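Structure file data-v2.csv (CSV, C-alpha atoms and all ligand atoms) is printed below.
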```csv
chain,number,residue,atom,x,y,z
D,1,MET,CA,91.3,101.2,84.9
D,2,THR,CA,89.3,98.3,83.6
D,3,LYS,CA,91.0,95.7,81.5
D,4,ASN,CA,90.2,92.4,79.9
D,5,SER,CA,92.1,90.3,82.4
D,6,MET,CA,92.5,90.8,86.1
D,7,ARG,CA,94.9,88.6,87.9
D,8,ILE,CA,94.3,88.5,91.7
D,9,ALA,CA,96.8,86.7,94.0
D,10,VAL,CA,94.9,85.1,96.9
D,11,PHE,CA,97.1,84.5,99.9
D,12,ALA,CA,94.9,83.0,102.6
D,13,GLY,CA,97.5,82.2,105.2
D,14,ASP,CA,97.0,80.9,108.7
D,15,GLY,CA,94.3,80.4,111.3
D,16,ILE,CA,91.0,82.0,110.2
D,17,GLY,CA,92.7,83.4,107.1
D,18,PRO,CA,91.6,80.6,104.8
D,19,GLU,CA,88.1,80.6,106.3
D,20,VAL,CA,87.4,84.3,105.8
D,21,THR,CA,89.2,84.4,102.4
D,22,GLU,CA,87.1,81.6,101.1
D,23,GLN,CA,84.0,83.7,101.7
D,24,ALA,CA,85.5,86.8,100.0
D,25,VAL,CA,86.4,84.7,97.0
D,26,ARG,CA,82.8,83.4,96.8
D,27,VAL,CA,81.6,87.0,96.7
D,28,LEU,CA,84.1,87.9,93.9
D,29,GLU,CA,83.0,84.8,91.9
D,30,LYS,CA,79.3,85.7,92.4
D,31,LEU,CA,80.0,89.0,90.7
D,32,ASP,CA,80.9,87.1,87.6
D,33,LEU,CA,83.6,89.6,86.5
D,34,SER,CA,84.9,88.9,83.1
D,35,GLY,CA,88.6,88.1,82.9
D,36,LEU,CA,89.0,87.5,86.6
D,37,GLU,CA,91.8,85.1,87.4
D,38,LEU,CA,92.6,84.0,90.9
D,39,VAL,CA,96.0,82.6,91.7
D,40,GLU,CA,96.7,81.1,95.1
D,41,GLY,CA,100.0,81.3,97.0
D,42,ASP,CA,101.4,80.2,100.3
D,43,VAL,CA,102.2,82.7,103.1
D,44,GLY,CA,102.8,82.6,106.8
D,45,GLY,CA,103.2,79.6,109.1
D,46,MET,CA,101.7,77.2,106.5
D,47,ALA,CA,104.2,78.4,104.0
D,48,TYR,CA,107.0,77.9,106.5
D,49,ARG,CA,105.9,74.3,107.1
D,50,LYS,CA,105.7,73.6,103.4
D,51,HIS,CA,108.6,75.5,102.0
D,52,GLY,CA,110.8,76.5,105.0
D,53,HIS,CA,110.0,80.2,104.6
D,54,PRO,CA,107.0,82.4,105.4
D,55,LEU,CA,107.3,84.2,102.1
D,56,PRO,CA,108.6,81.8,99.6
D,57,ALA,CA,110.1,83.1,96.3
D,58,GLU,CA,107.3,81.6,94.3
D,59,THR,CA,104.7,83.5,96.4
D,60,LEU,CA,106.5,86.8,95.8
D,61,GLU,CA,106.6,85.9,92.1
D,62,ILE,CA,102.8,85.4,92.0
D,63,ALA,CA,102.4,88.7,93.9
D,64,ARG,CA,104.5,90.6,91.3
D,65,SER,CA,102.6,89.1,88.4
D,66,ALA,CA,99.2,90.1,89.9
D,67,ASP,CA,97.1,93.3,89.6
D,68,ALA,CA,96.2,93.0,93.3
D,69,ILE,CA,96.5,90.7,96.3
D,70,LEU,CA,93.7,89.5,98.5
D,71,PHE,CA,95.3,88.5,101.8
D,72,GLY,CA,93.7,86.6,104.7
D,73,ALA,CA,95.9,86.6,107.8
D,74,VAL,CA,99.2,85.2,109.0
D,75,GLY,CA,100.3,84.2,112.5
D,76,ASP,CA,100.8,80.9,114.3
D,77,PHE,CA,101.9,80.8,117.9
D,78,SER,CA,103.7,77.5,117.3
D,79,CYS,CA,106.1,79.5,115.2
D,80,ASP,CA,106.9,82.1,117.9
D,81,HIS,CA,110.1,80.4,118.9
D,82,LEU,CA,111.6,80.7,115.3
D,83,GLU,CA,114.2,83.3,114.4
D,84,ARG,CA,112.3,86.5,113.6
D,85,HIS,CA,113.0,86.3,109.8
D,86,LEU,CA,111.2,83.0,109.7
D,87,ARG,CA,108.1,83.9,111.6
D,88,PRO,CA,104.8,84.0,109.9
D,89,GLU,CA,104.3,87.8,110.3
D,90,GLN,CA,107.4,88.3,108.1
D,91,ALA,CA,105.2,87.3,105.1
D,92,ILE,CA,103.0,90.4,105.4
D,93,LEU,CA,105.9,92.7,106.4
D,94,GLY,CA,107.9,91.3,103.5
D,95,LEU,CA,105.1,91.8,101.0
D,96,ARG,CA,104.6,95.4,102.2
D,97,LYS,CA,108.2,96.2,101.9
D,98,GLU,CA,109.1,94.3,98.7
D,99,LEU,CA,106.1,95.7,96.8
D,100,GLY,CA,106.4,99.2,98.1
D,101,LEU,CA,103.0,99.1,99.7
D,102,PHE,CA,103.5,102.2,101.8
D,103,ALA,CA,100.0,103.6,102.3
D,104,ASN,CA,97.6,101.6,104.5
D,105,LEU,CA,94.0,102.9,104.4
D,106,ARG,CA,91.8,101.7,107.2
D,107,PRO,CA,88.3,103.1,107.1
D,108,ALA,CA,86.0,102.9,110.1
D,109,ARG,CA,82.3,103.7,109.9
D,110,VAL,CA,79.3,102.5,111.8
D,111,PHE,CA,76.9,100.4,109.7
D,112,PRO,CA,73.3,101.5,110.2
D,113,GLY,CA,71.7,99.3,112.8
D,114,LEU,CA,75.0,98.5,114.6
D,115,GLU,CA,75.0,101.6,116.8
D,116,ASP,CA,73.9,99.6,119.8
D,117,LEU,CA,76.5,96.9,119.3
D,118,THR,CA,79.7,98.9,119.8
D,119,THR,CA,81.2,99.2,123.2
D,120,LEU,CA,80.7,103.0,123.0
D,121,ARG,CA,77.4,104.7,123.7
D,122,PRO,CA,75.3,104.6,120.5
D,123,GLU,CA,75.1,108.4,120.2
D,124,VAL,CA,78.9,108.5,120.2
D,125,ALA,CA,79.5,105.6,117.9
D,126,SER,CA,76.9,106.6,115.3
D,127,LYS,CA,78.9,109.7,114.4
D,128,ILE,CA,82.0,107.7,113.4
D,129,ASP,CA,83.1,108.0,109.8
D,130,LEU,CA,86.9,108.2,109.7
D,131,LEU,CA,89.8,107.0,107.7
D,132,ILE,CA,93.2,106.0,109.2
D,133,VAL,CA,96.1,106.5,106.8
D,134,ARG,CA,98.9,104.5,108.3
D,135,GLU,CA,102.5,104.6,106.9
D,136,LEU,CA,103.5,101.0,106.2
D,137,ASN,CA,107.1,100.9,105.0
D,138,GLY,CA,109.0,102.6,107.8
D,139,ASP,CA,109.2,103.4,111.5
D,140,VAL,CA,110.4,101.0,114.2
D,141,TYR,CA,108.9,98.1,112.2
D,142,PHE,CA,111.8,98.2,109.7
D,143,GLY,CA,114.6,99.7,111.6
D,144,GLU,CA,117.6,97.8,112.8
D,145,LYS,CA,116.9,95.6,115.8
D,146,GLY,CA,118.5,93.1,118.0
D,147,MET,CA,119.1,91.5,121.3
D,148,ARG,CA,122.4,92.0,123.1
D,149,VAL,CA,124.0,91.5,126.5
D,150,LEU,CA,125.2,94.6,128.2
D,151,GLU,CA,128.5,94.9,130.0
D,152,ASP,CA,126.9,94.3,133.3
D,153,GLY,CA,125.3,91.1,132.0
D,154,ARG,CA,121.7,92.3,131.6
D,155,ARG,CA,120.0,91.3,128.3
D,156,GLN,CA,118.7,94.2,126.2
D,157,GLY,CA,116.3,94.2,123.2
D,158,TRP,CA,116.5,97.2,120.9
D,159,ASP,CA,114.6,98.5,117.9
D,160,MET,CA,115.5,101.6,115.9
D,161,MET,CA,112.7,104.0,115.2
D,162,SER,CA,113.2,106.4,112.3
D,163,TYR,CA,111.5,108.2,109.5
D,164,ALA,CA,113.2,109.9,106.6
D,165,GLU,CA,111.5,113.0,105.2
D,166,ASP,CA,110.6,111.5,101.8
D,167,GLU,CA,108.8,108.7,103.6
D,168,VAL,CA,106.7,111.2,105.6
D,169,ARG,CA,106.1,113.4,102.6
D,170,ARG,CA,104.6,110.6,100.4
D,171,ILE,CA,102.3,109.4,103.1
D,172,ALA,CA,101.3,113.0,104.0
D,173,ASN,CA,100.4,113.5,100.3
D,174,THR,CA,98.3,110.4,100.3
D,175,ALA,CA,96.5,111.6,103.4
D,176,PHE,CA,95.9,115.1,102.2
D,177,THR,CA,94.6,113.8,98.9
D,178,ALA,CA,92.2,111.4,100.8
D,179,ALA,CA,91.1,114.3,103.0
D,180,MET,CA,90.3,116.4,99.8
D,181,GLY,CA,87.9,113.7,98.8
D,182,ARG,CA,86.2,113.7,102.2
D,183,ASP,CA,85.5,116.4,104.8
D,184,ARG,CA,88.9,118.1,104.3
D,185,LYS,CA,90.0,117.6,107.9
D,186,LEU,CA,93.3,115.9,108.6
D,187,CYS,CA,94.7,115.0,112.0
D,188,SER,CA,98.3,114.0,112.1
D,189,VAL,CA,99.1,111.8,115.1
D,190,ASP,CA,102.6,111.6,116.6
D,191,LYS,CA,104.6,111.8,119.8
D,192,ALA,CA,106.6,114.9,119.0
D,193,ASN,CA,106.8,115.9,122.6
D,194,VAL,CA,109.2,113.0,123.2
D,195,LEU,CA,110.4,111.5,119.9
D,196,GLU,CA,112.7,113.1,117.3
D,197,THR,CA,111.2,110.8,114.7
D,198,SER,CA,107.8,112.4,115.5
D,199,GLN,CA,109.3,115.9,115.4
D,200,LEU,CA,110.5,115.4,111.9
D,201,TRP,CA,107.1,113.8,111.0
D,202,ARG,CA,105.3,116.9,112.3
D,203,ASP,CA,107.6,119.3,110.5
D,204,VAL,CA,107.2,117.6,107.2
D,205,VAL,CA,103.4,117.2,107.5
D,206,ILE,CA,103.3,121.0,108.1
D,207,GLU,CA,105.5,121.6,105.0
D,208,VAL,CA,103.2,119.4,102.8
D,209,SER,CA,100.1,121.1,104.2
D,210,LYS,CA,101.1,124.2,102.2
D,211,GLU,CA,100.1,122.4,99.0
D,212,TYR,CA,96.6,121.6,100.4
D,213,PRO,CA,95.3,125.0,101.7
D,214,GLU,CA,91.7,123.7,101.7
D,215,VAL,CA,92.5,121.0,104.2
D,216,GLU,CA,92.2,121.9,107.9
D,217,LEU,CA,95.3,120.3,109.5
D,218,SER,CA,95.6,119.5,113.2
D,219,HIS,CA,98.2,117.6,115.3
D,220,MET,CA,97.6,115.3,118.2
D,221,TYR,CA,99.8,113.3,120.5
D,222,VAL,CA,99.1,109.6,120.2
D,223,ASP,CA,98.1,109.2,123.8
D,224,ASN,CA,95.5,111.9,123.5
D,225,ALA,CA,94.4,110.4,120.1
D,226,ALA,CA,93.7,107.1,121.8
D,227,MET,CA,91.6,108.9,124.4
D,228,GLN,CA,89.7,111.1,121.8
D,229,LEU,CA,89.0,108.0,119.7
D,230,VAL,CA,86.7,106.7,122.4
D,231,LYS,CA,85.6,110.1,123.7
D,232,ASN,CA,84.6,111.9,120.5
D,233,PRO,CA,85.5,109.8,117.5
D,234,GLY,CA,83.0,111.6,115.3
D,235,ALA,CA,85.4,114.6,115.4
D,236,PHE,CA,87.9,112.7,113.2
D,237,ASP,CA,87.8,112.7,109.4
D,238,VAL,CA,91.2,111.5,108.2
D,239,ILE,CA,94.0,110.5,110.6
D,240,VAL,CA,97.6,110.2,109.3
D,241,THR,CA,100.1,108.4,111.4
D,242,GLY,CA,103.2,106.2,111.5
D,243,ASN,CA,103.4,102.5,111.2
D,244,LEU,CA,103.3,101.6,114.9
D,245,PHE,CA,100.7,104.2,116.1
D,246,GLY,CA,98.5,103.3,113.1
D,247,ASP,CA,98.6,99.7,114.0
D,248,ILE,CA,97.4,100.3,117.5
D,249,LEU,CA,94.8,103.0,116.8
D,250,SER,CA,93.2,101.0,114.0
D,251,ASP,CA,92.5,98.0,116.2
D,252,GLN,CA,91.0,100.5,118.7
D,253,ALA,CA,88.9,102.2,115.9
D,254,SER,CA,87.5,98.7,115.0
D,255,MET,CA,86.0,98.2,118.4
D,256,CYS,CA,84.5,101.7,118.3
D,257,VAL,CA,82.4,100.7,115.3
D,258,GLY,CA,81.5,97.2,116.6
D,259,SER,CA,84.2,94.6,115.9
D,260,ILE,CA,87.6,93.9,114.5
D,261,GLY,CA,85.7,91.5,112.2
D,262,LEU,CA,84.4,94.4,110.2
D,263,LEU,CA,87.5,96.5,109.5
D,264,ALA,CA,88.9,96.2,106.0
D,265,SER,CA,92.1,97.7,104.7
D,266,ALA,CA,94.0,98.6,101.5
D,267,SER,CA,97.8,98.7,101.4
D,268,LEU,CA,98.7,100.7,98.3
D,269,ALA,CA,101.8,101.3,96.3
D,270,GLU,CA,102.3,104.2,93.9
D,271,GLY,CA,99.8,103.6,91.1
D,272,THR,CA,97.0,101.1,91.3
D,273,PHE,CA,98.6,98.0,92.7
D,274,GLY,CA,97.5,97.1,96.2
D,275,LEU,CA,97.2,94.4,98.9
D,276,TYR,CA,93.8,94.0,100.6
D,277,GLU,CA,93.3,92.4,103.9
D,278,PRO,CA,91.2,92.6,107.0
D,279,ILE,CA,93.0,94.4,109.8
D,280,HIS,CA,92.6,91.4,112.2
D,281,GLY,CA,95.0,88.5,112.5
D,282,SER,CA,94.7,84.8,112.4
D,283,ALA,CA,92.6,84.6,115.6
D,284,PRO,CA,94.0,81.2,116.8
D,285,ASP,CA,91.4,81.2,119.5
D,286,ILE,CA,88.5,80.6,117.1
D,287,ALA,CA,90.4,79.2,114.0
D,288,GLY,CA,89.0,76.1,112.4
D,289,LYS,CA,85.6,76.5,114.1
D,290,GLY,CA,83.7,78.3,111.4
D,291,LEU,CA,83.1,81.2,113.8
D,292,ALA,CA,85.1,84.0,112.2
D,293,ASN,CA,83.4,87.0,110.8
D,294,PRO,CA,84.4,87.2,107.1
D,295,MET,CA,82.9,90.7,106.6
D,296,ALA,CA,86.2,92.5,107.0
D,297,THR,CA,87.8,90.4,104.3
D,298,ILE,CA,84.7,90.7,102.0
D,299,LEU,CA,84.9,94.5,102.5
D,300,SER,CA,88.6,94.4,101.7
D,301,ALA,CA,87.7,92.7,98.4
D,302,ALA,CA,85.4,95.6,97.7
D,303,MET,CA,88.3,98.0,98.4
D,304,MET,CA,90.3,96.0,95.9
D,305,LEU,CA,87.7,96.3,93.2
D,306,ARG,CA,87.6,100.1,93.8
D,307,HIS,CA,91.3,100.9,94.1
D,308,SER,CA,93.1,98.4,92.0
D,309,LEU,CA,90.6,97.3,89.4
D,310,GLY,CA,88.5,100.5,88.8
D,311,LEU,CA,85.3,98.6,89.5
D,312,GLU,CA,83.5,101.2,91.7
D,313,GLU,CA,80.0,99.9,90.9
D,314,GLN,CA,80.8,96.4,91.9
D,315,ALA,CA,82.6,97.6,95.1
D,316,VAL,CA,79.5,99.5,96.1
D,317,ARG,CA,77.4,96.4,95.4
D,318,ILE,CA,79.5,94.4,97.9
D,319,GLU,CA,79.4,97.1,100.5
D,320,LYS,CA,75.6,97.4,100.2
D,321,ALA,CA,75.2,93.6,100.4
D,322,VAL,CA,77.2,93.5,103.7
D,323,ALA,CA,75.2,96.4,105.1
D,324,ALA,CA,72.0,94.7,104.1
D,325,ALA,CA,73.0,91.4,105.7
D,326,LEU,CA,73.9,93.2,108.9
D,327,ALA,CA,70.6,95.2,108.9
D,328,ALA,CA,68.8,91.8,108.5
D,329,GLY,CA,70.4,90.6,111.7
D,330,VAL,CA,73.1,88.4,110.2
D,331,LYS,CA,75.8,88.8,112.8
D,332,GLY,CA,78.8,86.8,113.9
D,333,GLY,CA,79.7,86.0,117.5
D,334,ASP,CA,82.0,89.0,117.5
D,335,LEU,CA,78.9,91.2,117.2
D,336,GLY,CA,76.9,89.2,119.7
D,337,GLY,CA,75.1,87.2,117.0
D,338,SER,CA,75.2,83.5,116.2
D,339,SER,CA,75.9,83.4,112.4
D,340,GLY,CA,78.9,81.4,111.4
D,341,THR,CA,81.5,82.2,108.7
D,342,ARG,CA,79.8,80.3,105.9
D,343,GLU,CA,76.3,81.6,106.8
D,344,ILE,CA,77.6,85.2,106.8
D,345,GLY,CA,79.2,84.5,103.4
D,346,ASP,CA,75.8,83.0,102.1
D,347,ALA,CA,73.9,86.1,103.4
D,348,VAL,CA,76.2,88.5,101.5
D,349,VAL,CA,76.3,86.4,98.3
D,350,GLU,CA,72.4,86.2,98.4
D,351,ARG,CA,72.2,90.0,98.6
D,352,LEU,CA,74.5,90.9,95.8
E,401,LIG,P1,93.7,88.8,116.2
E,401,LIG,O1,93.3,90.0,115.4
E,401,LIG,O2,94.1,87.6,115.4
E,401,LIG,O3,92.6,88.4,117.3
E,401,LIG,C1,92.3,89.3,118.4
E,401,LIG,C2,90.9,88.9,118.9
E,401,LIG,O4,89.9,89.3,117.9
E,401,LIG,C3,90.7,87.4,119.1
E,401,LIG,O5,89.9,87.2,120.3
E,401,LIG,C4,90.0,86.9,117.9
E,401,LIG,O6,89.2,85.8,118.1
E,401,LIG,C5,89.1,88.1,117.5
E,401,LIG,N1,88.9,88.2,116.1
E,401,LIG,C6,89.8,88.6,115.1
E,401,LIG,N2,89.3,88.5,113.9
E,401,LIG,C7,88.1,88.1,114.0
E,401,LIG,C8,87.0,87.8,113.1
E,401,LIG,N3,87.2,88.0,111.8
E,401,LIG,N4,85.8,87.4,113.6
E,401,LIG,C9,85.7,87.2,114.9
E,401,LIG,N5,86.6,87.5,115.9
E,401,LIG,C10,87.8,87.9,115.4
E,401,LIG,O7,95.0,89.3,117.1
E,401,LIG,P2,96.0,88.4,118.0
E,401,LIG,O8,95.3,87.4,118.8
E,401,LIG,O9,96.7,89.5,118.8
E,401,LIG,O10,97.0,87.8,117.0
E,401,LIG,C11,96.9,86.4,116.5
E,401,LIG,C12,97.9,86.2,115.5
E,401,LIG,O11,97.6,87.0,114.3
E,401,LIG,C13,99.4,86.6,115.9
E,401,LIG,O12,100.2,85.6,115.4
E,401,LIG,C14,99.6,87.9,115.2
E,401,LIG,O13,100.9,88.2,114.9
E,401,LIG,C15,98.8,87.7,113.9
E,401,LIG,N6,98.3,88.9,113.3
E,401,LIG,C16,98.3,89.0,111.9
E,401,LIG,C17,97.8,90.0,111.2
E,401,LIG,C18,97.9,90.0,109.7
E,401,LIG,O14,98.0,88.9,109.1
E,401,LIG,N7,97.8,91.1,109.0
E,401,LIG,C19,97.2,91.1,111.9
E,401,LIG,C20,97.1,91.0,113.3
E,401,LIG,C21,97.7,90.0,114.0
E,402,LIG,C1,98.4,94.4,111.1
E,402,LIG,C2,99.2,93.4,111.9
E,402,LIG,C3,100.6,93.4,111.5
E,402,LIG,C4,101.2,94.8,111.8
E,402,LIG,C5,101.5,92.3,112.0
E,402,LIG,C6,101.0,90.9,111.8
E,402,LIG,C7,102.9,92.3,111.5
E,402,LIG,O1,99.1,93.7,113.3
E,402,LIG,O2,98.4,94.3,109.9
E,402,LIG,O3,97.7,95.3,111.7
E,402,LIG,O4,101.7,95.0,112.9
E,402,LIG,O5,101.3,95.6,110.9
E,403,MN,MN,97.5,95.1,113.7
```
Show me this structure written as structure tokens.
Amino acid sequence: MTKNSMRIAVFAGDGIGPEVTEQAVRVLEKLDLSGLELVEGDVGGMAYRKHGHPLPAETLEIARSADAILFGAVGDFSCDHLERHLRPEQAILGLRKELGLFANLRPARVFPGLEDLTTLRPEVASKIDLLIVRELNGDVYFGEKGMRVLEDGRRQGWDMMSYAEDEVRRIANTAFTAAMGRDRKLCSVDKANVLETSQLWRDVVIEVSKEYPEVELSHMYVDNAAMQLVKNPGAFDVIVTGNLFGDILSDQASMCVGSIGLLASASLAEGTFGLYEPIHGSAPDIAGKGLANPMATILSAAMMLRHSLGLEEQAVRIEKAVAAALAAGVKGGDLGGSSGTREIGDAVVERL
């Protein structure tokens, strides 16, 4: 799909969100795409302070009118005392749910030249080229939850974990389709030895696998998967898993390839609409200092061009420019380098 006008909602959010998003926007503008329109909106803690809600109605309106969303990060510890529905994180959870963004793709691959920078041994890290397909609309994230006081006076927090079969089926289809376009190996990660939610997950994934006979399907418990991700990550091609396990395993995968500042993501609805964001958060510890690595956000913008706007060639240009900047030694503090946010943005823009 290429069309005459492309409307991108830009939700920068909190902490380092605006810093990294600014660089991704510079990259998009440098491409000089005809018909590109960027519309900003407020999300997260900054939106709460301005409008009294982390996902104001006008922001949701902008999101619905756009072809895609470029998202920075939300999260602000000064909001952690608020009732849960008013906390910054509800902005991203609300967008995912309201817009039906059920499929979260988180690719992890080692950039040439960075093999020595990961916390794994280079010969282990260099083999990593995997894709985590994380379900994003269900699981314990969206179940009923609460705090209560038991009869004996003890406080109890509770969260309901569940998956319905159609939810598993649609993410399994996404994952099998992704595997068909890659090495045709799919590992489904669950905790079926303990959880009924996971038993249903596994049963449905096996049912769906009948439609994809060319894909080699395996199953792994999540604890073992966490171990295998650092032992032999090169063995994975596509991983499909639920919302909670996918959240945790993708942060882990980011370190296997060097840094959380490098991992991009696409959150897709049926069709071409999507939200694109780095997998990291608002990083309050480095916010406002110009230290954040914007590459994950820049690479998310590339995913946006590919998946939502049909601009494969421009997506590849961005990815090559990031790889070239890294190969030339442009590295943020997260990778042991000394380049700041703006400098990294400059280096990518120069190489486009
Ligand atoms: P985080 O990802 O924000 O930070 C974890 C660590 O990684 C920190 O030391 C941080 O400095 C570092 N880091 C993260 N991104 C970096 C980058 N681009 N460059 C260099 N270093 C980077 O996770 P956290 O500290 O657990 O959470 C902080 C806040 O962010 C919380 O409020 C959390 O809820 C929120 N959060 C939001 C999102 C999102 O918006 N999608 C994702 C994760 C966490
Ligand atoms: C992520 C984040 C979010 C999640 C939080 C901020 C709600 O950690 O996108 O990985 O848990 O999905
Ligand atoms: Mn996360």
Can you pull out every residue with an atom within 8 Å of ligand MN 403 (chain E)? Use all atoms listed in the file and format it as a PyMOL selection string.
chain D and resi 247-248+250-251+279-281
For the selection just defined, write its residues with C-alpha atoms to a file, as a PDB file, in the coordinates of the input.
```
ATOM      1  CA  ASP D 247      98.600  99.700 114.000  1.00  0.00           C
ATOM      2  CA  ILE D 248      97.400 100.300 117.500  1.00  0.00           C
ATOM      3  CA  SER D 250      93.200 101.000 114.000  1.00  0.00           C
ATOM      4  CA  ASP D 251      92.500  98.000 116.200  1.00  0.00           C
ATOM      5  CA  ILE D 279      93.000  94.400 109.800  1.00  0.00           C
ATOM      6  CA  HIS D 280      92.600  91.400 112.200  1.00  0.00           C
ATOM      7  CA  GLY D 281      95.000  88.500 112.500  1.00  0.00           C
TER       8      GLY D 281
END
```
Contacts of ligand LIG 402 (chain E), 9 Å or closer, all atoms listed in the file, given as a ChimeraX atom specification:
/D:73-75,88-93,136,141,243-244,246-248,250-251,265,277-282
Mind dumping a table of every region 14-103 of chain D residue within 12 Å of region 151-167 of chain D, with the nearest atom pair and its distance in Å to one decimal, using all atoms listed in the file, sorted by chain and rising number, as a tab-separated table?
```
residue	atom	partner	partner_atom	distance
D:Gly100	CA	D:Glu167	CA	11.2
D:Leu101	CA	D:Glu167	CA	11.9
D:Phe102	CA	D:Glu167	CA	8.6
D:Ala103	CA	D:Glu167	CA	10.3
```
Distance limit 8 Å, reference ligand LIG 401 (chain E), atoms considered: all atoms listed in the file. Which residues make the cut? Give them as a PDB file with C-alpha atoms, keeping the file's coordinate frame.
```pdb
ATOM      1  CA  GLY D  13      97.500  82.200 105.200  1.00  0.00           C
ATOM      2  CA  GLY D  15      94.300  80.400 111.300  1.00  0.00           C
ATOM      3  CA  ILE D  16      91.000  82.000 110.200  1.00  0.00           C
ATOM      4  CA  GLY D  17      92.700  83.400 107.100  1.00  0.00           C
ATOM      5  CA  VAL D  20      87.400  84.300 105.800  1.00  0.00           C
ATOM      6  CA  PHE D  71      95.300  88.500 101.800  1.00  0.00           C
ATOM      7  CA  GLY D  72      93.700  86.600 104.700  1.00  0.00           C
ATOM      8  CA  ALA D  73      95.900  86.600 107.800  1.00  0.00           C
ATOM      9  CA  VAL D  74      99.200  85.200 109.000  1.00  0.00           C
ATOM     10  CA  GLY D  75     100.300  84.200 112.500  1.00  0.00           C
ATOM     11  CA  ASP D  76     100.800  80.900 114.300  1.00  0.00           C
ATOM     12  CA  PHE D  77     101.900  80.800 117.900  1.00  0.00           C
ATOM     13  CA  ASP D  80     106.900  82.100 117.900  1.00  0.00           C
ATOM     14  CA  PRO D  88     104.800  84.000 109.900  1.00  0.00           C
ATOM     15  CA  GLU D  89     104.300  87.800 110.300  1.00  0.00           C
ATOM     16  CA  ILE D  92     103.000  90.400 105.400  1.00  0.00           C
ATOM     17  CA  SER D 259      84.200  94.600 115.900  1.00  0.00           C
ATOM     18  CA  ILE D 260      87.600  93.900 114.500  1.00  0.00           C
ATOM     19  CA  GLY D 261      85.700  91.500 112.200  1.00  0.00           C
ATOM     20  CA  LEU D 262      84.400  94.400 110.200  1.00  0.00           C
ATOM     21  CA  GLU D 277      93.300  92.400 103.900  1.00  0.00           C
ATOM     22  CA  PRO D 278      91.200  92.600 107.000  1.00  0.00           C
ATOM     23  CA  ILE D 279      93.000  94.400 109.800  1.00  0.00           C
ATOM     24  CA  HIS D 280      92.600  91.400 112.200  1.00  0.00           C
ATOM     25  CA  GLY D 281      95.000  88.500 112.500  1.00  0.00           C
ATOM     26  CA  SER D 282      94.700  84.800 112.400  1.00  0.00           C
ATOM     27  CA  ALA D 283      92.600  84.600 115.600  1.00  0.00           C
ATOM     28  CA  PRO D 284      94.000  81.200 116.800  1.00  0.00           C
ATOM     29  CA  ASP D 285      91.400  81.200 119.500  1.00  0.00           C
ATOM     30  CA  ILE D 286      88.500  80.600 117.100  1.00  0.00           C
ATOM     31  CA  ALA D 287      90.400  79.200 114.000  1.00  0.00           C
ATOM     32  CA  LEU D 291      83.100  81.200 113.800  1.00  0.00           C
ATOM     33  CA  ALA D 292      85.100  84.000 112.200  1.00  0.00           C
ATOM     34  CA  ASN D 293      83.400  87.000 110.800  1.00  0.00           C
ATOM     35  CA  PRO D 294      84.400  87.200 107.100  1.00  0.00           C
ATOM     36  CA  MET D 295      82.900  90.700 106.600  1.00  0.00           C
ATOM     37  CA  ALA D 296      86.200  92.500 107.000  1.00  0.00           C
ATOM     38  CA  THR D 297      87.800  90.400 104.300  1.00  0.00           C
ATOM     39  CA  GLY D 332      78.800  86.800 113.900  1.00  0.00           C
ATOM     40  CA  GLY D 333      79.700  86.000 117.500  1.00  0.00           C
ATOM     41  CA  ASP D 334      82.000  89.000 117.500  1.00  0.00           C
TER      42      ASP D 334
END
```
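Rounded to one decimal, CA of Ala347 (chain D) and CA of Ala302 (chain D) lie 16.0 Å from each other.
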Two-atom distance - CA of Ala12 (chain D), CA of Leu70 (chain D) (Å)
7.8 Å
Using all atoms listed in the file, which protein or nucleic acid residues come within 9 Å of region 204-211 of chain D? Drop anything in the same chain fewer than 5 positions from it, and give the result as a ChimeraX atom specification.
/D:165-166,168-169,172-173,176,188,199,216-217
Choose the residue, out of D:Gly146, D:Gly234, D:Gly35, D:Gly52, that has the smallest atom-to-atom separation from Asn4 (chain D); count all atoms listed in the file.
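Going through D:Gly146, D:Gly234, D:Gly35, D:Gly52 one by one, the smallest distance to Asn4 (chain D) is for D:Gly35.
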Quick one: everything within 12 Å of region 314-319 of chain D, counting only C-alpha atoms, minus sequence neighbours fewer than 2 positions away in the same chain. Send it as a PyMOL selection string.
chain D and resi 24-33+109+111+262+264+295-312+321-326+345+347-352
I'd like to know which of D:Thr272, D:Thr174, D:Ser218, D:Thr118 is closest to Val230 (chain D), using all atoms listed in the file.
D:Thr118
Polymer residues at most 8 Å from Asp42 (chain D), all atoms listed in the file, same-chain spacing of 6 or more positions, as JSON, numbers by chain:
{"D": [11, 12, 13, 54, 55, 56, 59]}
Serialized selection, C-alpha atoms, as an mmCIF file, in the frame of the given file:
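Result saved to part_3.cif:
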```cif
data_model
loop_
_atom_site.group_PDB
_atom_site.id
_atom_site.type_symbol
_atom_site.label_atom_id
_atom_site.label_comp_id
_atom_site.auth_asym_id
_atom_site.auth_seq_id
_atom_site.Cartn_x
_atom_site.Cartn_y
_atom_site.Cartn_z
ATOM 1 C CA PHE D 11 97.100 84.500 99.900
ATOM 2 C CA ALA D 12 94.900 83.000 102.600
ATOM 3 C CA GLY D 13 97.500 82.200 105.200
ATOM 4 C CA PRO D 54 107.000 82.400 105.400
ATOM 5 C CA LEU D 55 107.300 84.200 102.100
ATOM 6 C CA PRO D 56 108.600 81.800 99.600
ATOM 7 C CA THR D 59 104.700 83.500 96.400
#
```
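The shortest atom-to-atom distance to Ile171 (chain D), with only C-alpha atoms taken into account, belongs to D:Leu268 out of D:Leu268, D:Ser198, D:Met255, D:Ala9.
For the residues D:Ser126, D:Asn232, D:Ser78, D:Asn193, ranking by smallest atom-to-atom distance to Met46 (chain D) using all atoms listed in the file places D:Ser78 first.
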